[in-house]
Amino acid sequence: MKEIVLITGASGMIAHELSKKLEKDFDLRFLTRHKKHANEYEWDIINGIIDEHAVENVSHIIHLAGANISEKRWTPERKKELISSRVSSASLLKNALQNKNVKLKSFISASGINFYGTKTTEKIYTETDPPGNDFLSEVVILWEKAADDFKKESFAERVVKIRTAVVLSEKDGALKKMIPPIKYYIGSPLGSGKQYMPWIHIEDICSLYEFALKNTTIDGAYNAVAPQHITNKDLTKAIAEVLEKPLFMPNVPAFILKLMFGELATAILEGSRASCKKVQESGFQFKFPELKPALNDLLKK
């Protein structure tokens, strides 16, 4: 009898790719806003509604739900949505578990590498470092507290928090947005270009979730970042090289990005390095530890 894994954020890039890895070993269920398949269950985070049949006999939850940080300007309303989509969704899950008297073996939650703050420094952050004090740090602090409550309140035997860097995929996210300008000869680094960009290949982030699910010794927070440290300029240049396109344009000035995106621009213009030593020492091996092979895999399929 296969264990049941419930995945939230079912329409997202990671959930889609991760399900391919897990479907052989687990029975998968998904929480979504619009049910299309038999193994999908509906919920409405804003209105606090969930189909509680989703959690019946579930052993593990992989919590990927959360509004996209970089999709819209950070208005006061958007900031509330970014937090509630992570925190209120976790509360909905806890209520359903309580009502159905279900105890999880593990609750594995997405988290963000911006836990340490949206700033450019020479420090390489580890999981023992304290959080930052800006808006994105606040989002991640509340996000992780909501996850930790599953163990604190005895809803799960263990809680794993995956502090995710920029996920590289040709299908969605930052890389997909960067490709067209470079293809059409208008690509360039953003701001100074010196801001670090912690990153991870889509296959490695999915493998890390699988690793966390199958290894009961994995507990607590882990930086989901590739070993190679790069800057925004490094990434832009490497994409251009793989696509065999020149970079003609000067860097996009920071003030333009601030005009376009408001406070959100800080997430684009700032960034520090993070260490993956903890997850490597736990036994996880990256398939794509270096940027160039990762881009070749994604862009030359």
# chains A, B, ... in the order shown; residues from 1 in each chain; ligands from 1
>>> closest_atom_pairs(of="range 195-298 of chain A", to="range 132-150 of chain A", cutoff="9 Å", atoms="only C-alpha atoms", output="CSV")
residue,atom,partner,partner_atom,distance
A:Gly220,CA,A:Asp148,CA,8.5
A:Ala221,CA,A:Glu144,CA,8.7
A:Ala267,CA,A:Leu136,CA,8.2
>>> write_last_selection(atoms="C-alpha atoms", output="PDB file, in the first residue's frame")
ATOM      1  CA  GLY A 220      14.377  21.774   9.847  1.00  0.00           C
ATOM      2  CA  ALA A 221      15.569  24.389   7.351  1.00  0.00           C
ATOM      3  CA  ALA A 267      14.309  41.729  -4.980  1.00  0.00           C
TER       4      ALA A 267
END
>>> select_by_dssp(residues="range 102-207 of chain A", states="helix (DSSP H, G or I)", output="PyMOL selection string")
chain A and resi 113-116+135-152+173-183+202-207
>>> closest_residue(among="A:Asn57, A:Lys36, A:Asn47, A:Pro198", to="Met1 in chain A", atoms="only C-alpha atoms")
A:Asn57
>>> select_by_dssp(residues="range 58-280 of chain A", states="strand (DSSP E or B)", output="ChimeraX atom specification")
/A:60-63,104,106-112,124-125,156,159-164,166-168,190,196,199-201,220-224,231,252,273-274
>>> write_last_selection(atoms="N, CA and C atoms", output="mmCIF file, in the first residue's frame")
data_model
loop_
_atom_site.group_PDB
_atom_site.id
_atom_site.type_symbol
_atom_site.label_atom_id
_atom_site.label_comp_id
_atom_site.auth_asym_id
_atom_site.auth_seq_id
_atom_site.Cartn_x
_atom_site.Cartn_y
_atom_site.Cartn_z
ATOM 1 N N HIS A 60 1.908 12.483 4.248
ATOM 2 C CA HIS A 60 2.824 13.601 4.049
ATOM 3 C C HIS A 60 2.119 14.728 3.293
ATOM 4 N N ILE A 61 2.460 15.957 3.630
ATOM 5 C CA ILE A 61 2.024 17.111 2.844
ATOM 6 C C ILE A 61 3.255 17.853 2.339
ATOM 7 N N ILE A 62 3.280 18.153 1.054
ATOM 8 C CA ILE A 62 4.302 19.026 0.473
ATOM 9 C C ILE A 62 3.591 20.329 0.135
ATOM 10 N N HIS A 63 3.935 21.366 0.878
ATOM 11 C CA HIS A 63 3.195 22.632 0.824
ATOM 12 C C HIS A 63 3.938 23.627 -0.074
ATOM 13 N N LEU A 104 0.397 13.627 10.523
ATOM 14 C CA LEU A 104 1.324 13.457 9.400
ATOM 15 C C LEU A 104 2.667 12.886 9.852
ATOM 16 N N SER A 106 5.242 13.721 7.880
ATOM 17 C CA SER A 106 6.081 14.883 7.561
ATOM 18 C C SER A 106 5.273 15.979 6.892
ATOM 19 N N PHE A 107 5.659 17.201 7.209
ATOM 20 C CA PHE A 107 5.132 18.389 6.547
ATOM 21 C C PHE A 107 6.335 19.093 5.942
ATOM 22 N N ILE A 108 6.390 19.133 4.609
ATOM 23 C CA ILE A 108 7.534 19.695 3.896
ATOM 24 C C ILE A 108 7.068 20.958 3.193
ATOM 25 N N SER A 109 7.623 22.082 3.593
ATOM 26 C CA SER A 109 7.131 23.369 3.102
ATOM 27 C C SER A 109 8.173 24.087 2.264
ATOM 28 N N ALA A 110 7.695 24.690 1.182
ATOM 29 C CA ALA A 110 8.537 25.636 0.461
ATOM 30 C C ALA A 110 8.843 26.805 1.387
ATOM 31 N N SER A 111 9.981 27.425 1.163
ATOM 32 C CA SER A 111 10.365 28.631 1.877
ATOM 33 C C SER A 111 11.235 29.439 0.918
ATOM 34 N N GLY A 112 11.790 30.547 1.384
ATOM 35 C CA GLY A 112 12.546 31.405 0.478
ATOM 36 C C GLY A 112 13.941 31.708 0.979
ATOM 37 N N ILE A 124 28.346 34.723 3.183
ATOM 38 C CA ILE A 124 27.676 33.533 2.660
ATOM 39 C C ILE A 124 26.806 32.973 3.789
ATOM 40 N N TYR A 125 25.510 33.034 3.608
ATOM 41 C CA TYR A 125 24.589 32.707 4.696
ATOM 42 C C TYR A 125 24.385 31.198 4.850
ATOM 43 N N ALA A 156 2.412 17.019 12.846
ATOM 44 C CA ALA A 156 3.392 16.308 12.025
ATOM 45 C C ALA A 156 4.582 15.900 12.890
ATOM 46 N N VAL A 159 9.100 18.578 10.392
ATOM 47 C CA VAL A 159 8.842 19.672 9.464
ATOM 48 C C VAL A 159 10.148 20.008 8.747
ATOM 49 N N VAL A 160 10.064 20.086 7.423
ATOM 50 C CA VAL A 160 11.223 20.468 6.606
ATOM 51 C C VAL A 160 10.874 21.751 5.859
ATOM 52 N N LYS A 161 11.811 22.716 5.898
ATOM 53 C CA LYS A 161 11.599 23.997 5.208
ATOM 54 C C LYS A 161 12.679 24.158 4.148
ATOM 55 N N ILE A 162 12.254 24.218 2.893
ATOM 56 C CA ILE A 162 13.167 24.279 1.749
ATOM 57 C C ILE A 162 13.332 25.744 1.333
ATOM 58 N N ARG A 163 14.418 26.378 1.746
ATOM 59 C CA ARG A 163 14.660 27.793 1.435
ATOM 60 C C ARG A 163 15.157 27.923 -0.006
ATOM 61 N N THR A 164 14.215 28.179 -0.878
ATOM 62 C CA THR A 164 14.435 28.038 -2.311
ATOM 63 C C THR A 164 15.029 29.283 -2.948
ATOM 64 N N VAL A 166 16.434 31.069 -6.797
ATOM 65 C CA VAL A 166 15.829 31.206 -8.126
ATOM 66 C C VAL A 166 15.884 29.844 -8.818
ATOM 67 N N VAL A 167 14.720 29.332 -9.190
ATOM 68 C CA VAL A 167 14.650 28.026 -9.853
ATOM 69 C C VAL A 167 14.779 28.233 -11.359
ATOM 70 N N LEU A 168 15.785 27.602 -11.939
ATOM 71 C CA LEU A 168 16.016 27.736 -13.373
ATOM 72 C C LEU A 168 15.237 26.679 -14.144
ATOM 73 N N LEU A 190 21.067 43.639 -14.813
ATOM 74 C CA LEU A 190 20.140 44.558 -14.154
ATOM 75 C C LEU A 190 20.852 45.317 -13.043
ATOM 76 N N TYR A 196 24.347 39.083 -6.125
ATOM 77 C CA TYR A 196 24.409 37.625 -6.249
ATOM 78 C C TYR A 196 23.016 37.061 -6.531
ATOM 79 N N TRP A 199 20.774 30.187 -7.059
ATOM 80 C CA TRP A 199 19.978 29.530 -8.093
ATOM 81 C C TRP A 199 19.979 28.027 -7.868
ATOM 82 N N ILE A 200 19.059 27.350 -8.535
ATOM 83 C CA ILE A 200 19.016 25.893 -8.516
ATOM 84 C C ILE A 200 18.267 25.412 -9.755
ATOM 85 N N HIS A 201 18.733 24.336 -10.349
ATOM 86 C CA HIS A 201 18.087 23.738 -11.525
ATOM 87 C C HIS A 201 16.768 23.100 -11.102
ATOM 88 N N GLY A 220 13.951 20.393 9.701
ATOM 89 C CA GLY A 220 14.377 21.774 9.847
ATOM 90 C C GLY A 220 14.570 22.481 8.519
ATOM 91 N N ALA A 221 15.382 23.540 8.533
ATOM 92 C CA ALA A 221 15.569 24.389 7.351
ATOM 93 C C ALA A 221 16.791 23.970 6.546
ATOM 94 N N TYR A 222 16.643 24.046 5.215
ATOM 95 C CA TYR A 222 17.747 23.727 4.298
ATOM 96 C C TYR A 222 17.770 24.750 3.166
ATOM 97 N N ASN A 223 18.953 25.271 2.876
ATOM 98 C CA ASN A 223 19.121 26.158 1.733
ATOM 99 C C ASN A 223 19.102 25.346 0.445
ATOM 100 N N ALA A 224 18.146 25.638 -0.423
ATOM 101 C CA ALA A 224 18.054 24.944 -1.719
ATOM 102 C C ALA A 224 18.738 25.809 -2.770
ATOM 103 N N THR A 231 26.598 35.980 -10.046
ATOM 104 C CA THR A 231 25.936 37.282 -9.982
ATOM 105 C C THR A 231 24.924 37.378 -11.115
ATOM 106 N N VAL A 252 20.747 47.725 -17.339
ATOM 107 C CA VAL A 252 19.500 48.453 -17.101
ATOM 108 C C VAL A 252 19.665 49.249 -15.806
ATOM 109 N N ARG A 273 24.852 35.554 -1.242
ATOM 110 C CA ARG A 273 25.110 34.126 -1.422
ATOM 111 C C ARG A 273 24.589 33.323 -0.229
ATOM 112 N N ALA A 274 24.289 32.061 -0.479
ATOM 113 C CA ALA A 274 23.871 31.152 0.588
ATOM 114 C C ALA A 274 24.583 29.817 0.396
#
>>> closest_residue(among="A:Asn95, A:Glu170, A:His229, A:Pro250", to="Asp297 in chain A", atoms="only C-alpha atoms")
A:Glu170
>>> closest_atom_pairs(of="range 144-226 of chain A", to="range 14-25 of chain A", cutoff="10 Å", atoms="only C-alpha atoms", output="CSV")
residue,atom,partner,partner_atom,distance
A:Val167,CA,A:Ile14,CA,8.8
A:Ser169,CA,A:Ile14,CA,9.7
A:Asp172,CA,A:Ile14,CA,9.8
A:Ile202,CA,A:Ile14,CA,7.2
A:Glu203,CA,A:Glu17,CA,7.8
A:Ile205,CA,A:Ile14,CA,7.8
A:Cys206,CA,A:Leu18,CA,5.1
A:Ser207,CA,A:Leu18,CA,7.7
A:Leu208,CA,A:Leu18,CA,9.6
A:Tyr209,CA,A:Leu18,CA,7.7
A:Glu210,CA,A:Leu22,CA,7.1
A:Leu213,CA,A:Leu22,CA,9.6
A:Lys214,CA,A:Asp25,CA,9.9
>>> closest_residue(among="A:Asp234, A:Glu157, A:Glu77, A:Glu290", to="Gln195 in chain A", atoms="only C-alpha atoms")
A:Asp234
>>> closest_residue(among="A:Ala65, A:Ala212, A:Ile45, A:Ile186", to="Ser11 in chain A", atoms="only C-alpha atoms")
A:Ala65
>>> residues_around(residues="Leu269 in chain A", least_positions_apart="4", cutoff="10 Å", atoms="only C-alpha atoms", output="list of chain:residue names")
A:Thr118, A:Lys119, A:Thr120, A:Pro189, A:Leu190, A:Gly191, A:Ser192, A:Gly193, A:Lys194, A:Gln195, A:Tyr196, A:Met197, A:Asn232, A:Pro253, A:Ala254, A:Leu257, A:Lys258, A:Leu264, A:Ala265
>>> residues_around(residues="Ala238 in chain A", least_positions_apart="2", cutoff="8 Å", atoms="only C-alpha atoms", output="list of chain:residue names")
A:Asp234, A:Leu235, A:Thr236, A:Ala240, A:Glu241, A:Val242, A:Leu291, A:Lys292, A:Leu295
>>> write_last_selection(atoms="N, CA, C and O atoms", output="compact mmCIF listing (two decimals), in the first residue's frame")
# COMPACT_ATOMS: atom_id res chain seq x y z
N ASP A 234 26.83 37.43 -14.28
CA ASP A 234 27.29 36.09 -14.65
C ASP A 234 26.19 35.30 -15.34
O ASP A 234 26.42 34.64 -16.36
N LEU A 235 24.98 35.36 -14.78
CA LEU A 235 23.86 34.61 -15.34
C LEU A 235 23.50 35.14 -16.73
O LEU A 235 23.31 34.35 -17.67
N THR A 236 23.42 36.46 -16.86
CA THR A 236 23.07 37.06 -18.15
C THR A 236 24.09 36.68 -19.22
O THR A 236 23.73 36.29 -20.33
N ALA A 240 23.56 34.18 -22.61
CA ALA A 240 23.92 34.67 -23.94
C ALA A 240 24.90 33.73 -24.63
O ALA A 240 24.78 33.46 -25.83
N GLU A 241 25.85 33.20 -23.87
CA GLU A 241 26.84 32.28 -24.46
C GLU A 241 26.19 30.99 -24.91
O GLU A 241 26.49 30.47 -26.00
N VAL A 242 25.29 30.46 -24.09
CA VAL A 242 24.62 29.21 -24.45
C VAL A 242 23.71 29.41 -25.67
O VAL A 242 23.61 28.55 -26.55
N LEU A 291 26.61 26.30 -13.26
CA LEU A 291 25.63 27.01 -14.08
C LEU A 291 25.65 26.62 -15.55
O LEU A 291 24.59 26.38 -16.14
N LYS A 292 26.81 26.57 -16.15
CA LYS A 292 26.88 26.35 -17.61
C LYS A 292 26.26 25.01 -18.02
O LYS A 292 25.42 24.97 -18.94
N LEU A 295 22.45 25.35 -17.74
CA LEU A 295 21.84 26.10 -18.85
C LEU A 295 21.86 25.30 -20.14
O LEU A 295 20.91 25.34 -20.92
>>> residues_around(residues="Pro246 in chain A", least_positions_apart="6", cutoff="9 Å", atoms="only C-alpha atoms", output="list in words")
Ile182, Lys183, Tyr185, Gly187, Lys237 and Ala240 of chain A
>>> closest_residue(among="A:Glu71, A:Phe288, A:Glu52, A:Thr121", to="Lys100 in chain A", atoms="only C-alpha atoms")
A:Glu52
>>> residues_around(residues="Gly48 in chain A", least_positions_apart="4", cutoff="10 Å", atoms="only C-alpha atoms", output="ChimeraX atom specification")
/A:43-44,88-89,91-92
>>> write_last_selection(atoms="N, CA and C atoms", output="mmCIF file, in the first residue's frame")
data_model
loop_
_atom_site.group_PDB
_atom_site.id
_atom_site.type_symbol
_atom_site.label_atom_id
_atom_site.label_comp_id
_atom_site.auth_asym_id
_atom_site.auth_seq_id
_atom_site.Cartn_x
_atom_site.Cartn_y
_atom_site.Cartn_z
ATOM 1 N N TRP A 43 -9.782 23.987 -2.952
ATOM 2 C CA TRP A 43 -9.757 24.859 -1.781
ATOM 3 C C TRP A 43 -9.788 26.304 -2.232
ATOM 4 N N ASP A 44 -10.192 27.156 -1.321
ATOM 5 C CA ASP A 44 -10.281 28.594 -1.579
ATOM 6 C C ASP A 44 -9.667 29.284 -0.369
ATOM 7 N N SER A 88 -2.243 31.628 5.738
ATOM 8 C CA SER A 88 -3.643 31.199 5.843
ATOM 9 C C SER A 88 -3.850 29.821 5.226
ATOM 10 N N SER A 89 -3.109 29.529 4.178
ATOM 11 C CA SER A 89 -3.217 28.205 3.549
ATOM 12 C C SER A 89 -2.765 27.116 4.517
ATOM 13 N N SER A 91 -2.925 27.306 7.785
ATOM 14 C CA SER A 91 -3.978 27.202 8.810
ATOM 15 C C SER A 91 -5.139 26.349 8.322
ATOM 16 N N LEU A 92 -5.499 26.516 7.053
ATOM 17 C CA LEU A 92 -6.565 25.693 6.468
ATOM 18 C C LEU A 92 -6.215 24.212 6.534
#
>>> atom_distance(atom1="CA of Met249 in chain A", atom2="CA of Ser70 in chain A")
23.6 Å
>>> residues_around(residues="Lys2 in chain A", least_positions_apart="2", cutoff="7 Å", atoms="only C-alpha atoms", output="JSON, numbers by chain")
{"A": [4, 25, 26, 27]}
>>> write_last_selection(atoms="N, CA and C atoms", output="PDB file, in the first residue's frame")
ATOM      1  N   ILE A   4       0.224   8.122   1.021  1.00  0.00           N
ATOM      2  CA  ILE A   4      -0.426   9.215   0.287  1.00  0.00           C
ATOM      3  C   ILE A   4       0.296  10.530   0.581  1.00  0.00           C
ATOM      4  N   ASP A  25       6.207   5.946  -6.543  1.00  0.00           N
ATOM      5  CA  ASP A  25       6.371   5.459  -5.172  1.00  0.00           C
ATOM      6  C   ASP A  25       5.258   5.886  -4.215  1.00  0.00           C
ATOM      7  N   PHE A  26       4.456   6.860  -4.619  1.00  0.00           N
ATOM      8  CA  PHE A  26       3.425   7.384  -3.723  1.00  0.00           C
ATOM      9  C   PHE A  26       2.110   7.567  -4.469  1.00  0.00           C
ATOM     10  N   ASP A  27       1.013   7.534  -3.699  1.00  0.00           N
ATOM     11  CA  ASP A  27      -0.275   7.972  -4.241  1.00  0.00           C
ATOM     12  C   ASP A  27      -0.350   9.477  -4.034  1.00  0.00           C
TER      13      ASP A  27
END
>>> decode(residues="range 139-150 of chain A", atoms="all heavy atoms", output="compact mmCIF listing (two decimals), in the first residue's frame")
# COMPACT_ATOMS: atom_id res chain seq x y z
N VAL A 139 7.99 37.95 5.16
CA VAL A 139 7.17 36.92 4.51
C VAL A 139 7.69 35.53 4.85
O VAL A 139 6.92 34.64 5.24
CB VAL A 139 7.17 37.12 2.97
CG1 VAL A 139 6.49 35.92 2.28
CG2 VAL A 139 6.46 38.40 2.59
N VAL A 140 9.00 35.34 4.73
CA VAL A 140 9.58 34.01 4.95
C VAL A 140 9.52 33.61 6.43
O VAL A 140 9.27 32.45 6.75
CB VAL A 140 11.03 33.95 4.42
CG1 VAL A 140 11.60 32.54 4.62
CG2 VAL A 140 11.08 34.31 2.95
N ILE A 141 9.75 34.57 7.32
CA ILE A 141 9.66 34.27 8.76
C ILE A 141 8.26 33.76 9.11
O ILE A 141 8.12 32.74 9.80
CB ILE A 141 9.99 35.53 9.59
CG1 ILE A 141 11.47 35.90 9.46
CG2 ILE A 141 9.64 35.32 11.07
CD1 ILE A 141 11.79 37.30 9.95
N LEU A 142 7.23 34.45 8.64
CA LEU A 142 5.85 34.03 8.91
C LEU A 142 5.53 32.70 8.23
O LEU A 142 4.81 31.85 8.78
CB LEU A 142 4.89 35.12 8.45
CG LEU A 142 4.96 36.44 9.23
CD1 LEU A 142 4.12 37.51 8.56
CD2 LEU A 142 4.52 36.24 10.68
N TRP A 143 6.05 32.53 7.03
CA TRP A 143 5.88 31.30 6.26
C TRP A 143 6.44 30.11 7.03
O TRP A 143 5.79 29.07 7.20
CB TRP A 143 6.65 31.49 4.95
CG TRP A 143 6.32 30.61 3.80
CD1 TRP A 143 5.44 29.57 3.73
CD2 TRP A 143 6.91 30.72 2.50
NE1 TRP A 143 5.45 29.03 2.46
CE2 TRP A 143 6.34 29.72 1.69
CE3 TRP A 143 7.87 31.57 1.94
CZ2 TRP A 143 6.71 29.54 0.36
CZ3 TRP A 143 8.22 31.40 0.61
CH2 TRP A 143 7.64 30.40 -0.17
N GLU A 144 7.67 30.27 7.55
CA GLU A 144 8.32 29.17 8.27
C GLU A 144 7.67 28.92 9.63
O GLU A 144 7.59 27.77 10.08
CB GLU A 144 9.81 29.45 8.41
CG GLU A 144 10.55 29.41 7.08
CD GLU A 144 12.05 29.27 7.23
OE1 GLU A 144 12.54 29.29 8.38
OE2 GLU A 144 12.74 29.14 6.20
N LYS A 145 7.22 29.99 10.27
CA LYS A 145 6.52 29.80 11.55
C LYS A 145 5.25 28.97 11.35
O LYS A 145 4.94 28.08 12.15
CB LYS A 145 6.16 31.14 12.19
CG LYS A 145 5.47 30.99 13.54
CD LYS A 145 4.99 32.32 14.08
CE LYS A 145 4.31 32.12 15.44
NZ LYS A 145 3.16 31.18 15.37
N ALA A 146 4.53 29.28 10.26
CA ALA A 146 3.32 28.51 9.95
C ALA A 146 3.64 27.04 9.74
O ALA A 146 2.87 26.16 10.13
CB ALA A 146 2.64 29.09 8.72
N ALA A 147 4.79 26.77 9.13
CA ALA A 147 5.23 25.39 8.93
C ALA A 147 5.63 24.74 10.25
O ALA A 147 5.21 23.62 10.58
CB ALA A 147 6.38 25.34 7.94
N ASP A 148 6.43 25.45 11.05
CA ASP A 148 6.91 24.91 12.32
C ASP A 148 5.76 24.56 13.26
O ASP A 148 5.88 23.63 14.08
CB ASP A 148 7.84 25.91 13.01
CG ASP A 148 9.20 25.97 12.34
OD1 ASP A 148 9.63 24.96 11.76
OD2 ASP A 148 9.84 27.05 12.41
N ASP A 149 4.66 25.28 13.14
CA ASP A 149 3.51 25.02 14.02
C ASP A 149 2.94 23.62 13.83
O ASP A 149 2.31 23.07 14.75
CB ASP A 149 2.41 26.06 13.78
CG ASP A 149 2.74 27.41 14.42
OD1 ASP A 149 3.67 27.46 15.24
OD2 ASP A 149 2.07 28.40 14.08
N PHE A 150 3.17 23.02 12.66
CA PHE A 150 2.66 21.65 12.44
C PHE A 150 3.34 20.67 13.39
O PHE A 150 2.70 19.73 13.88
CB PHE A 150 2.90 21.23 10.98
CG PHE A 150 1.85 21.74 10.03
CD1 PHE A 150 1.87 23.06 9.61
CD2 PHE A 150 0.84 20.91 9.58
CE1 PHE A 150 0.90 23.55 8.74
CE2 PHE A 150 -0.14 21.38 8.71
CZ PHE A 150 -0.10 22.71 8.30
